[in-house]
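Raw contents of entry06.txt, compact mmCIF, C-alpha atoms:
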# COMPACT_ATOMS: atom_id res chain seq x y z
CA MET M 114 0.00 0.00 0.00
CA SER M 115 1.32 3.48 -0.88
CA ASP M 116 2.00 6.22 1.68
CA ALA M 117 -0.83 8.28 0.20
CA THR M 118 -3.30 5.43 0.72
CA ALA M 119 -2.14 4.92 4.30
CA THR M 120 -2.56 8.64 4.96
CA ALA M 121 -6.02 8.59 3.47
CA VAL M 122 -7.01 5.66 5.66
CA ALA M 123 -5.66 7.46 8.71
CA GLU M 124 -8.03 10.30 7.91
CA THR M 125 -11.07 8.04 7.65
CA PRO M 126 -13.77 9.04 10.17
CA GLN M 127 -13.00 7.24 13.41
CA HIS M 128 -16.28 7.45 15.26
CA GLY M 129 -19.87 7.87 14.25
CA GLY M 130 -19.23 8.40 10.53
CA ALA M 131 -18.95 12.18 10.70
CA THR M 132 -17.26 13.62 7.64
CA PRO M 133 -14.01 15.45 8.38
CA PRO M 134 -13.01 18.64 6.62
CA ALA M 135 -10.68 18.76 3.66
CA LYS M 136 -7.32 17.09 3.99
CA GLY M 137 -5.28 20.25 4.36
CA GLY M 138 -7.68 21.76 6.86
CA LYS M 139 -7.79 18.65 8.97
CA PHE M 140 -4.02 18.41 9.02
CA ARG M 141 -3.73 21.98 10.17
CA GLY M 142 -6.46 21.39 12.75
CA ASP M 143 -4.79 18.27 14.15
CA LEU M 144 -1.42 20.02 14.25
CA GLY M 145 -2.89 23.02 16.01
CA GLU M 146 -4.69 20.82 18.53
CA SER M 147 -1.48 18.88 19.23
CA ILE M 148 0.51 22.08 19.76
CA THR M 149 -2.20 23.53 21.99
CA ARG M 150 -2.37 20.35 24.07
CA ASN M 151 1.41 20.16 24.47
CA LEU M 152 1.59 23.82 25.41
CA GLY M 153 -1.03 23.08 28.05
CA LEU M 154 1.16 20.29 29.43
CA VAL M 155 4.14 22.63 29.49
CA GLY M 156 1.94 25.05 31.43
CA VAL M 157 1.19 22.30 33.96
CA LEU M 158 4.93 21.69 34.35
CA ALA M 159 5.49 25.40 34.89
CA LEU M 160 2.76 25.44 37.53
CA LEU M 161 4.39 22.52 39.36
CA ILE M 162 7.72 24.35 39.32
CA ILE M 163 6.06 27.46 40.73
CA ILE M 164 4.47 25.39 43.50
CA GLY M 165 7.87 23.91 44.30
CA ALA M 166 9.49 27.36 44.39
CA VAL M 167 6.77 28.67 46.71
CA THR M 168 6.86 25.69 49.08
CA GLN M 169 10.66 25.31 49.09
CA PRO M 170 12.14 28.75 48.29
CA ASN M 171 15.49 27.93 49.88
CA LEU M 172 16.03 24.94 47.60
CA TYR M 173 14.83 26.62 44.42
CA GLY M 174 17.00 29.62 45.21
CA ASP M 175 20.10 27.48 44.69
CA SER M 176 20.81 27.21 40.94
CA THR M 177 23.08 24.19 41.41
CA TRP M 178 20.36 22.34 43.31
CA VAL M 179 17.77 23.27 40.66
CA TRP M 180 19.93 21.84 37.85
CA ASN M 181 20.65 18.65 39.79
CA ASN M 182 16.95 18.34 40.60
CA VAL M 183 16.03 18.66 36.92
CA LEU M 184 18.47 15.85 36.11
CA SER M 185 16.98 13.76 38.94
CA ILE M 186 13.47 14.24 37.52
CA LEU M 187 14.60 13.25 34.02
CA GLN M 188 16.44 10.23 35.38
CA LEU M 189 13.35 9.27 37.40
CA ALA M 190 11.22 9.57 34.26
CA SER M 191 13.62 7.74 31.96
CA VAL M 192 12.67 4.09 32.62
CA VAL M 193 8.91 4.61 32.64
CA GLY M 194 9.38 6.97 29.71
CA VAL M 195 10.88 4.25 27.54
CA VAL M 196 7.98 1.93 28.42
CA THR M 197 5.56 4.76 27.63
CA VAL M 198 6.92 5.18 24.10
CA GLY M 199 6.04 1.56 23.32
CA MET M 200 2.70 1.86 25.11
CA THR M 201 1.81 4.95 23.06
CA PHE M 202 2.18 2.99 19.83
CA VAL M 203 0.00 0.18 21.15
CA ILE M 204 -2.78 2.53 22.31
CA ILE M 205 -2.73 4.58 19.10
CA GLY M 206 -3.06 1.25 17.26
CA GLY M 207 -6.25 0.49 19.19
CA GLY M 208 -4.79 -1.86 21.81
CA ILE M 209 -3.66 -1.88 25.42
CA ASP M 210 -0.79 -3.63 27.20
CA LEU M 211 -1.25 -4.45 30.88
CA SER M 212 1.80 -6.71 30.94
CA ALA M 213 4.48 -4.05 30.38
CA GLY M 214 5.73 -3.98 33.97
CA ALA M 215 5.80 -7.77 34.14
CA ILE M 216 7.77 -7.92 30.89
CA VAL M 217 10.30 -5.51 32.38
CA ALA M 218 10.64 -7.82 35.39
CA LEU M 219 10.99 -10.99 33.31
CA ALA M 220 13.54 -9.42 30.96
CA GLY M 221 15.52 -8.02 33.88
CA VAL M 222 15.56 -11.30 35.80
CA TRP M 223 16.50 -13.32 32.73
CA ALA M 224 19.31 -10.90 31.91
CA THR M 225 20.82 -11.16 35.40
CA THR M 226 20.97 -14.92 35.78
CA VAL M 227 24.46 -16.29 36.40
CA ALA M 228 24.45 -17.97 33.00
CA THR M 229 23.52 -14.78 31.16
CA GLN M 230 25.99 -12.61 33.07
CA SER M 231 28.79 -14.95 32.04
CA TYR M 232 28.40 -13.57 28.49
CA GLY M 233 29.12 -10.04 29.66
CA ALA M 234 27.25 -6.80 29.13
CA ALA M 235 26.45 -7.56 25.49
CA GLY M 236 24.87 -10.86 26.46
CA MET M 237 22.78 -9.22 29.18
CA ILE M 238 21.55 -6.44 26.90
CA PHE M 239 20.82 -8.87 24.07
CA THR M 240 18.91 -11.20 26.42
CA ALA M 241 16.76 -8.43 27.90
CA ILE M 242 15.82 -7.05 24.49
CA ILE M 243 15.12 -10.48 22.96
CA VAL M 244 13.05 -11.65 25.95
CA GLY M 245 11.02 -8.43 25.92
CA THR M 246 10.43 -8.61 22.18
CA ILE M 247 9.45 -12.30 22.23
CA VAL M 248 6.97 -11.80 25.06
CA GLY M 249 5.53 -8.85 23.13
CA LEU M 250 5.24 -11.09 20.07
CA VAL M 251 3.35 -13.66 22.13
CA ASN M 252 0.93 -10.93 23.19
CA GLY M 253 0.55 -9.93 19.55
CA VAL M 254 -0.12 -13.49 18.39
CA LEU M 255 -2.75 -14.06 21.08
CA ILE M 256 -4.51 -10.80 20.22
CA SER M 257 -4.12 -10.66 16.44
CA TYR M 258 -4.45 -14.33 15.54
CA GLY M 259 -5.96 -15.84 18.69
CA LYS M 260 -8.72 -13.20 18.66
CA LEU M 261 -8.31 -12.52 22.38
CA VAL M 262 -9.34 -9.14 23.74
CA PRO M 263 -6.15 -7.12 24.43
CA PHE M 264 -7.20 -6.50 28.02
CA ILE M 265 -7.57 -10.23 28.73
CA ALA M 266 -4.50 -11.39 26.79
CA THR M 267 -2.12 -8.89 28.39
CA LEU M 268 -3.65 -9.39 31.83
CA ALA M 269 -2.94 -13.11 31.51
CA MET M 270 0.60 -12.30 30.37
CA LEU M 271 1.05 -10.02 33.36
CA VAL M 272 0.39 -12.94 35.70
CA ALA M 273 2.36 -15.46 33.66
CA ALA M 274 5.44 -13.24 33.19
CA ARG M 275 5.58 -12.37 36.90
CA GLY M 276 5.28 -16.05 37.74
CA LEU M 277 8.03 -17.04 35.32
CA ALA M 278 10.29 -14.28 36.65
CA ALA M 279 9.75 -15.56 40.21
CA GLN M 280 10.49 -19.11 39.06
CA ILE M 281 13.71 -18.14 37.28
CA SER M 282 14.98 -16.05 40.19
CA ASN M 283 13.73 -18.52 42.82
CA LYS M 284 12.02 -15.51 44.41
CA GLN M 285 15.43 -14.01 45.19
CA THR M 286 17.04 -10.73 44.21
CA GLN M 287 19.67 -11.32 41.54
CA VAL M 288 22.66 -9.00 41.85
CA SER M 289 24.24 -7.59 38.71
CA SER M 290 28.03 -7.92 38.90
CA ASN M 291 28.68 -6.34 35.50
CA THR M 292 30.39 -2.97 35.92
CA PHE M 293 29.34 -1.75 32.47
CA ILE M 294 25.64 -2.39 33.12
CA ASN M 295 25.81 -0.88 36.59
CA GLY M 296 27.65 2.14 35.19
CA ILE M 297 24.76 2.97 32.85
CA ALA M 298 22.92 4.53 35.78
CA ALA M 299 25.96 5.80 37.68
CA ASN M 300 27.89 7.46 34.86
CA LYS M 301 27.30 10.79 33.15
CA PHE M 302 28.33 12.33 29.85
CA LEU M 303 28.73 16.11 29.72
CA GLY M 304 27.12 16.23 33.15
CA ILE M 305 23.95 14.43 32.03
CA PRO M 306 23.15 10.84 33.16
CA ILE M 307 23.49 8.12 30.52
CA LEU M 308 19.92 7.01 31.31
CA VAL M 309 18.63 10.37 30.09
CA TYR M 310 20.49 9.93 26.79
CA ILE M 311 18.94 6.48 26.34
CA PHE M 312 15.50 7.91 27.09
CA ALA M 313 16.05 10.73 24.60
CA GLY M 314 17.27 8.29 21.94
CA VAL M 315 14.20 6.08 22.29
CA VAL M 316 11.93 9.14 22.14
CA ILE M 317 13.59 10.41 18.96
CA VAL M 318 13.35 7.02 17.26
CA GLY M 319 9.72 6.69 18.36
CA TRP M 320 8.85 10.16 17.08
CA VAL M 321 10.42 9.51 13.70
CA LEU M 322 8.74 6.10 13.45
CA LEU M 323 5.31 7.53 14.23
CA ASN M 324 5.49 10.75 12.25
CA ARG M 325 7.84 10.12 9.35
CA THR M 326 7.27 6.52 8.26
CA THR M 327 4.58 4.39 6.66
CA PHE M 328 4.57 2.28 9.82
CA GLY M 329 3.40 5.30 11.84
CA ARG M 330 0.66 6.20 9.36
CA ARG M 331 -0.54 2.62 9.33
CA THR M 332 -0.59 2.60 13.13
CA VAL M 333 -2.93 5.61 13.13
CA ALA M 334 -5.05 4.01 10.40
CA VAL M 335 -5.39 0.69 12.22
CA GLY M 336 -6.30 2.38 15.48
CA GLY M 337 -8.71 4.85 13.90
CA ASN M 338 -10.66 2.45 11.70
CA PRO M 339 -9.41 -1.16 11.44
CA GLU M 340 -11.95 -2.19 8.83
CA ALA M 341 -11.14 0.72 6.53
CA ALA M 342 -7.45 -0.02 7.02
CA ARG M 343 -8.04 -3.66 6.03
CA LEU M 344 -10.00 -2.66 2.93
CA ALA M 345 -7.18 -0.30 1.98
CA GLY M 346 -4.73 -3.19 1.94
CA ILE M 347 -3.12 -3.00 5.39
CA ASN M 348 -2.52 -6.35 7.07
CA VAL M 349 -4.17 -5.28 10.32
CA ARG M 350 -3.38 -8.45 12.26
CA TRP M 351 0.30 -8.42 11.30
CA HIS M 352 0.61 -4.72 12.09
CA SER M 353 -1.01 -5.16 15.50
CA LEU M 354 1.42 -7.99 16.23
CA LEU M 355 4.33 -5.68 15.39
CA LEU M 356 2.98 -3.01 17.74
CA TYR M 357 3.03 -5.41 20.70
CA ALA M 358 6.52 -6.58 19.70
CA LEU M 359 7.62 -2.94 19.71
CA SER M 360 6.15 -2.49 23.18
CA GLY M 361 8.04 -5.58 24.35
CA LEU M 362 11.26 -4.23 22.83
CA CYS M 363 10.87 -1.00 24.81
CA CYS M 364 10.25 -3.05 27.96
CA GLY M 365 13.48 -4.95 27.33
CA ILE M 366 15.43 -1.68 27.07
CA ALA M 367 13.73 -0.42 30.23
CA ALA M 368 14.69 -3.66 32.03
CA ILE M 369 18.40 -2.97 31.45
CA MET M 370 17.97 0.63 32.61
CA LEU M 371 16.14 -0.42 35.77
CA THR M 372 18.67 -3.16 36.49
CA ALA M 373 21.44 -0.58 36.16
CA GLN M 374 19.71 1.70 38.66
CA ALA M 375 19.27 -1.02 41.30
CA ASN M 376 22.38 -3.08 40.39
CA SER M 377 20.02 -6.03 40.62
CA ALA M 378 16.79 -7.52 39.32
CA GLN M 379 13.85 -9.30 40.91
CA ALA M 380 10.40 -10.55 40.01
CA ALA M 381 8.74 -7.55 41.69
CA MET M 382 10.60 -4.91 39.68
CA GLY M 383 8.64 -2.69 37.32
CA ASN M 384 5.55 -2.94 39.49
CA LEU M 385 2.63 -0.92 38.05
CA TYR M 386 4.82 0.51 35.28
CA GLU M 387 2.10 -0.37 32.81
CA LEU M 388 -0.37 1.85 34.65
CA ASP M 389 2.12 4.72 34.82
CA ALA M 390 2.77 4.38 31.09
CA ILE M 391 -0.92 4.27 30.20
CA ALA M 392 -1.62 7.26 32.45
CA ALA M 393 1.22 9.27 30.91
CA ALA M 394 0.00 8.50 27.39
CA ILE M 395 -3.55 9.50 28.29
CA ILE M 396 -2.69 12.86 29.81
CA GLY M 397 -0.41 13.39 26.84
CA GLY M 398 -3.45 13.28 24.57
CA THR M 399 -3.45 9.69 23.30
CA LEU M 400 -7.02 8.51 22.78
CA LEU M 401 -7.86 5.28 24.60
CA SER M 402 -10.06 4.37 21.65
CA GLY M 403 -7.04 4.56 19.35
CA GLY M 404 -6.24 6.49 16.21
CA ARG M 405 -4.65 9.54 17.76
CA GLY M 406 -1.70 10.37 19.96
CA THR M 407 1.76 11.92 20.02
CA ILE M 408 5.12 10.82 21.38
CA ILE M 409 5.92 14.32 22.63
CA GLY M 410 2.64 14.49 24.55
CA SER M 411 3.32 11.13 26.19
CA VAL M 412 6.84 12.21 27.17
CA LEU M 413 5.46 15.38 28.74
CA GLY M 414 2.98 13.20 30.62
CA VAL M 415 5.82 11.08 32.02
CA ILE M 416 7.78 14.15 33.06
CA ILE M 417 4.71 15.65 34.76
CA PHE M 418 4.24 12.52 36.86
CA ALA M 419 7.96 12.43 37.70
CA THR M 420 7.82 16.11 38.69
CA ILE M 421 4.81 15.44 40.94
CA THR M 422 6.70 12.59 42.62
CA ASN M 423 9.72 14.85 43.09
CA LEU M 424 7.58 17.70 44.41
CA PHE M 425 5.95 15.47 47.01
CA ALA M 426 9.33 14.04 48.02
CA ILE M 427 11.00 17.40 48.68
CA ASN M 428 7.96 18.52 50.69
CA GLY M 429 7.84 15.30 52.70
CA LEU M 430 4.24 14.51 51.70
CA PRO M 431 2.94 10.92 51.90
CA VAL M 432 2.74 8.68 48.85
CA GLU M 433 -0.98 8.14 49.44
CA ILE M 434 -1.79 11.77 48.68
CA GLN M 435 0.53 11.67 45.67
CA ASN M 436 -1.38 8.70 44.25
CA MET M 437 -4.70 10.45 44.79
CA VAL M 438 -3.43 13.51 42.92
CA LYS M 439 -2.22 11.33 40.04
CA GLY M 440 -5.59 9.58 39.93
CA GLY M 441 -7.37 12.90 39.78
CA ILE M 442 -5.14 14.05 36.91
CA ILE M 443 -5.89 10.89 34.94
CA VAL M 444 -9.66 11.28 35.41
CA ALA M 445 -9.49 14.94 34.42
CA ALA M 446 -7.45 14.12 31.31
CA VAL M 447 -9.95 11.48 30.16
CA LEU M 448 -12.90 13.81 30.77
CA ILE M 449 -11.21 16.57 28.77
CA GLN M 450 -10.51 14.10 25.96
CA GLN M 451 -14.16 13.02 25.81
CA PHE M 452 -15.48 16.58 25.94
CA ARG M 453 -13.15 17.86 23.23
CA PHE M 454 -13.64 14.87 20.96
CA LYS M 455 -17.42 14.99 21.24
CA SER M 456 -17.38 18.71 20.54
CA VAL M 457 -15.30 18.21 17.39
CA THR M 458 -17.43 15.35 16.06
CA GLN M 459 -20.63 17.27 16.76
CA PHE M 460 -19.21 20.25 14.89
CA PHE M 461 -18.40 18.06 11.89
CA ALA M 462 -21.86 16.51 12.02
CA ARG M 463 -23.55 19.91 12.08
CA ASN M 464 -21.30 21.10 9.26
CA LYS M 465 -22.25 18.07 7.19
CA VAL M 466 -25.97 18.72 7.68
CA THR M 467 -25.59 22.40 6.84
CA THR M 468 -23.60 21.83 3.65
CA THR M 469 -25.97 19.06 2.56
Output the structure of this file as structure tokens.
Amino acid sequence: MSDATATAVAETPQHGGATPPAKGGKFRGDLGESITRNLGLVGVLALLIIIGAVTQPNLYGDSTWVWNNVLSILQLASVVGVVTVGMTFVIIGGGIDLSAGAIVALAGVWATTVATQSYGAAGMIFTAIIVGTIVGLVNGVLISYGKLVPFIATLAMLVAARGLAAQISNKQTQVSSNTFINGIAANKFLGIPILVYIFAGVVIVGWVLLNRTTFGRRTVAVGGNPEAARLAGINVRWHSLLLYALSGLCCGIAAIMLTAQANSAQAAMGNLYELDAIAAAIIGGTLLSGGRGTIIGSVLGVIIFATITNLFAINGLPVEIQNMVKGGIIVAAVLIQQFRFKSVTQFFARNKVTTT
């Protein structure tokens, strides 16, 4: 299928059959909406910084502390951020992956076994990435060819992957003795942690893949209208399988990053990472129904959550309140999504009636 066809499919009405405006107008409208949404997220970040400066003026008055705190926030966001990039693709493609955190745990545990560590850093990295990708492929096969609902298939994988990780590790913490792997979290380049560079690299690749390739256009098409995508010549099942493999690949990368931070791996690592990733994608503007989303928005969502965690930590506030605030943000983001989307579709519907 040509790029033009994929783009046309991506612009097929996603809900209710309302006719969109002309191609150029819709593109400009989507771009404007994306910019507006991302600017809103930047505004939220600015508000959080202002709250921090007001509540802790002594700390924010120290420029050295502020810079180190920014690096701490980015490093805190890096692992979940990598998982979020893969999750964004899955959700835009009309799916969901509840097993992401469990895949991180399984990949991390498998990569830190004595046998795997004997092959050095390259063997550990290769193992984590391959394990993550294969588990993602299994999810994709169950969903695309086994016709299982994504929620059920990935929920089952969540349980199975955690169980296998516990079995492999014998419910023990496995210590990483590889200095190169451990140095990924400890070392810096030009004053910036290596983890932040890895996060930035994954984000750049994800952005290019979504916005500058046929794969990205097909992802939007499949998530927006699977039947129209199929009629246009896209192999919807194969593409969905690739999306889950991509999510697993990101989980494998995140497993190495998390192992480097803790110098160890265990079956409980990556707990609830899938929920953090889904939440970040949602507040970043990714539609749960599929067909729309941006990598930049998801990244801003991750950074917002990391900033909230940091803000609560420096003010000594309990985690319980932090979780309630995060929950409220997620609900508000979903409500805003629904309101804005319904308003747009109603406008198109009225415009169709008027022009007819």
*Give me, please, the distance in Å between atom CA of M:Val195 and atom CA of M:Ala373, quoted to one decimal.*
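Here the two named atoms are 14.5 Å from each other.
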*What does the distance between atom CA of M:Ala368 and atom CA of M:Asn436 come to in Å, to one decimal place?*
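Atom CA of M:Asn436 lies 23.7 Å from atom CA of M:Ala368.
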*Skip M:Leu172 itself and residues of its chain fewer than 5 positions away, then list as a PyMOL selection string all residues within 12 Å of it, counting only C-alpha atoms.*
chain M and resi 162+165-167+177-182+424+427-428
*Name the closest residue to M:Leu268 among the candidates M:Ala358, M:Ala213, M:Ala313, M:Ile242; distances are taken between atoms, counting all atoms listed in the file.*
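Among the listed residues, M:Ala213 lies closest to M:Leu268.
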*Between atom CA of M:Ile186 and atom CA of M:Ile416, what is the spacing in Å?*
7.2 Å
*Best match for closeness to M:Ser290 among M:Leu211, M:Val349, M:Val432, M:Ala224, counting all atoms listed in the file*: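 Smallest distance to M:Ser290 is found for M:Ala224.
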*Taking (16.5, -16.9, 35.0) in the file's coordinates, which residues come within 12 Å, counting only C-alpha atoms, written as a PyMOL selection string?*
chain M and resi 218-230+237+240-241+244+274-287+378-380
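Taking only C-alpha atoms into account, the polymer residues that have an atom no farther than 8 Å from (10.2, -7.7, 21.0) are Ile242, Ile243, Val244, Gly245, Thr246, Ile247, Val248, Gly249, Leu250, Tyr357, Ala358, Leu359, Ser360, Gly361, Leu362, Cys363 and Gly365 of chain M.
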Padding 5 Å on each side, edges along x, y and z: where is the centre of the box around the listed atoms of stretch 247-266 of chain M, and how long are its edges in Å to one decimal? Output it as JSON.
{"center_x": 0.1, "center_y": -11.2, "center_z": 22.1, "size_x": 28.8, "size_y": 19.3, "size_z": 23.2}
Reconstruct stretch 380-403 of chain M at the level of N, CA, C and O atoms, and format the result as an mmCIF file, keeping the file's coordinate frame.
data_model
loop_
_atom_site.group_PDB
_atom_site.id
_atom_site.type_symbol
_atom_site.label_atom_id
_atom_site.label_comp_id
_atom_site.auth_asym_id
_atom_site.auth_seq_id
_atom_site.Cartn_x
_atom_site.Cartn_y
_atom_site.Cartn_z
ATOM 1 N N ALA M 380 11.698 -10.341 40.647
ATOM 2 C CA ALA M 380 10.400 -10.550 40.010
ATOM 3 C C ALA M 380 9.425 -9.406 40.289
ATOM 4 O O ALA M 380 8.472 -9.209 39.529
ATOM 5 N N ALA M 381 9.665 -8.629 41.333
ATOM 6 C CA ALA M 381 8.740 -7.550 41.690
ATOM 7 C C ALA M 381 9.101 -6.223 41.037
ATOM 8 O O ALA M 381 8.378 -5.237 41.208
ATOM 9 N N MET M 382 10.200 -6.181 40.280
ATOM 10 C CA MET M 382 10.600 -4.910 39.680
ATOM 11 C C MET M 382 9.619 -4.487 38.584
ATOM 12 O O MET M 382 8.918 -5.313 38.003
ATOM 13 N N GLY M 383 9.559 -3.195 38.335
ATOM 14 C CA GLY M 383 8.640 -2.690 37.320
ATOM 15 C C GLY M 383 7.191 -2.752 37.719
ATOM 16 O O GLY M 383 6.308 -2.714 36.848
ATOM 17 N N ASN M 384 6.931 -2.813 39.027
ATOM 18 C CA ASN M 384 5.550 -2.940 39.490
ATOM 19 C C ASN M 384 4.726 -1.709 39.114
ATOM 20 O O ASN M 384 5.127 -0.570 39.364
ATOM 21 N N LEU M 385 3.591 -1.943 38.477
ATOM 22 C CA LEU M 385 2.630 -0.920 38.050
ATOM 23 C C LEU M 385 3.201 0.029 36.993
ATOM 24 O O LEU M 385 2.621 1.088 36.738
ATOM 25 N N TYR M 386 4.294 -0.337 36.342
ATOM 26 C CA TYR M 386 4.820 0.510 35.280
ATOM 27 C C TYR M 386 3.832 0.636 34.123
ATOM 28 O O TYR M 386 3.786 1.661 33.455
ATOM 29 N N GLU M 387 3.064 -0.433 33.911
ATOM 30 C CA GLU M 387 2.100 -0.370 32.810
ATOM 31 C C GLU M 387 1.038 0.699 33.066
ATOM 32 O O GLU M 387 0.619 1.404 32.141
ATOM 33 N N LEU M 388 0.639 0.844 34.324
ATOM 34 C CA LEU M 388 -0.370 1.850 34.650
ATOM 35 C C LEU M 388 0.213 3.259 34.532
ATOM 36 O O LEU M 388 -0.460 4.190 34.063
ATOM 37 N N ASP M 389 1.468 3.422 34.972
ATOM 38 C CA ASP M 389 2.120 4.720 34.820
ATOM 39 C C ASP M 389 2.254 5.099 33.349
ATOM 40 O O ASP M 389 2.051 6.261 32.970
ATOM 41 N N ALA M 390 2.601 4.118 32.518
ATOM 42 C CA ALA M 390 2.770 4.380 31.090
ATOM 43 C C ALA M 390 1.444 4.727 30.432
ATOM 44 O O ALA M 390 1.365 5.661 29.618
ATOM 45 N N ILE M 391 0.407 3.984 30.766
ATOM 46 C CA ILE M 391 -0.920 4.270 30.200
ATOM 47 C C ILE M 391 -1.395 5.648 30.636
ATOM 48 O O ILE M 391 -1.908 6.435 29.832
ATOM 49 N N ALA M 392 -1.200 5.965 31.930
ATOM 50 C CA ALA M 392 -1.620 7.260 32.450
ATOM 51 C C ALA M 392 -0.877 8.398 31.763
ATOM 52 O O ALA M 392 -1.470 9.425 31.395
ATOM 53 N N ALA M 393 0.431 8.233 31.562
ATOM 54 C CA ALA M 393 1.220 9.270 30.910
ATOM 55 C C ALA M 393 0.762 9.484 29.470
ATOM 56 O O ALA M 393 0.666 10.625 28.997
ATOM 57 N N ALA M 394 0.475 8.394 28.774
ATOM 58 C CA ALA M 394 0.000 8.500 27.390
ATOM 59 C C ALA M 394 -1.347 9.212 27.340
ATOM 60 O O ALA M 394 -1.594 10.047 26.444
ATOM 61 N N ILE M 395 -2.217 8.910 28.284
ATOM 62 C CA ILE M 395 -3.550 9.500 28.290
ATOM 63 C C ILE M 395 -3.484 11.010 28.524
ATOM 64 O O ILE M 395 -4.079 11.794 27.787
ATOM 65 N N ILE M 396 -2.740 11.429 29.543
ATOM 66 C CA ILE M 396 -2.690 12.860 29.810
ATOM 67 C C ILE M 396 -1.887 13.584 28.731
ATOM 68 O O ILE M 396 -2.005 14.802 28.573
ATOM 69 N N GLY M 397 -1.113 12.810 27.964
ATOM 70 C CA GLY M 397 -0.410 13.390 26.840
ATOM 71 C C GLY M 397 -1.260 13.537 25.600
ATOM 72 O O GLY M 397 -0.800 14.044 24.577
ATOM 73 N N GLY M 398 -2.524 13.080 25.673
ATOM 74 C CA GLY M 398 -3.450 13.280 24.570
ATOM 75 C C GLY M 398 -3.732 12.057 23.723
ATOM 76 O O GLY M 398 -4.476 12.145 22.742
ATOM 77 N N THR M 399 -3.166 10.904 24.063
ATOM 78 C CA THR M 399 -3.450 9.690 23.300
ATOM 79 C C THR M 399 -4.849 9.196 23.618
ATOM 80 O O THR M 399 -5.196 9.029 24.790
ATOM 81 N N LEU M 400 -5.653 8.969 22.582
ATOM 82 C CA LEU M 400 -7.020 8.510 22.780
ATOM 83 C C LEU M 400 -7.034 7.030 23.155
ATOM 84 O O LEU M 400 -6.398 6.207 22.482
ATOM 85 N N LEU M 401 -7.750 6.680 24.195
ATOM 86 C CA LEU M 401 -7.860 5.280 24.600
ATOM 87 C C LEU M 401 -8.535 4.437 23.524
ATOM 88 O O LEU M 401 -8.306 3.231 23.429
ATOM 89 N N SER M 402 -9.371 5.075 22.719
ATOM 90 C CA SER M 402 -10.060 4.370 21.650
ATOM 91 C C SER M 402 -9.170 4.148 20.431
ATOM 92 O O SER M 402 -9.548 3.444 19.494
ATOM 93 N N GLY M 403 -7.988 4.748 20.443
ATOM 94 C CA GLY M 403 -7.040 4.560 19.350
ATOM 95 C C GLY M 403 -7.185 5.589 18.252
ATOM 96 O O GLY M 403 -8.155 6.343 18.180
#
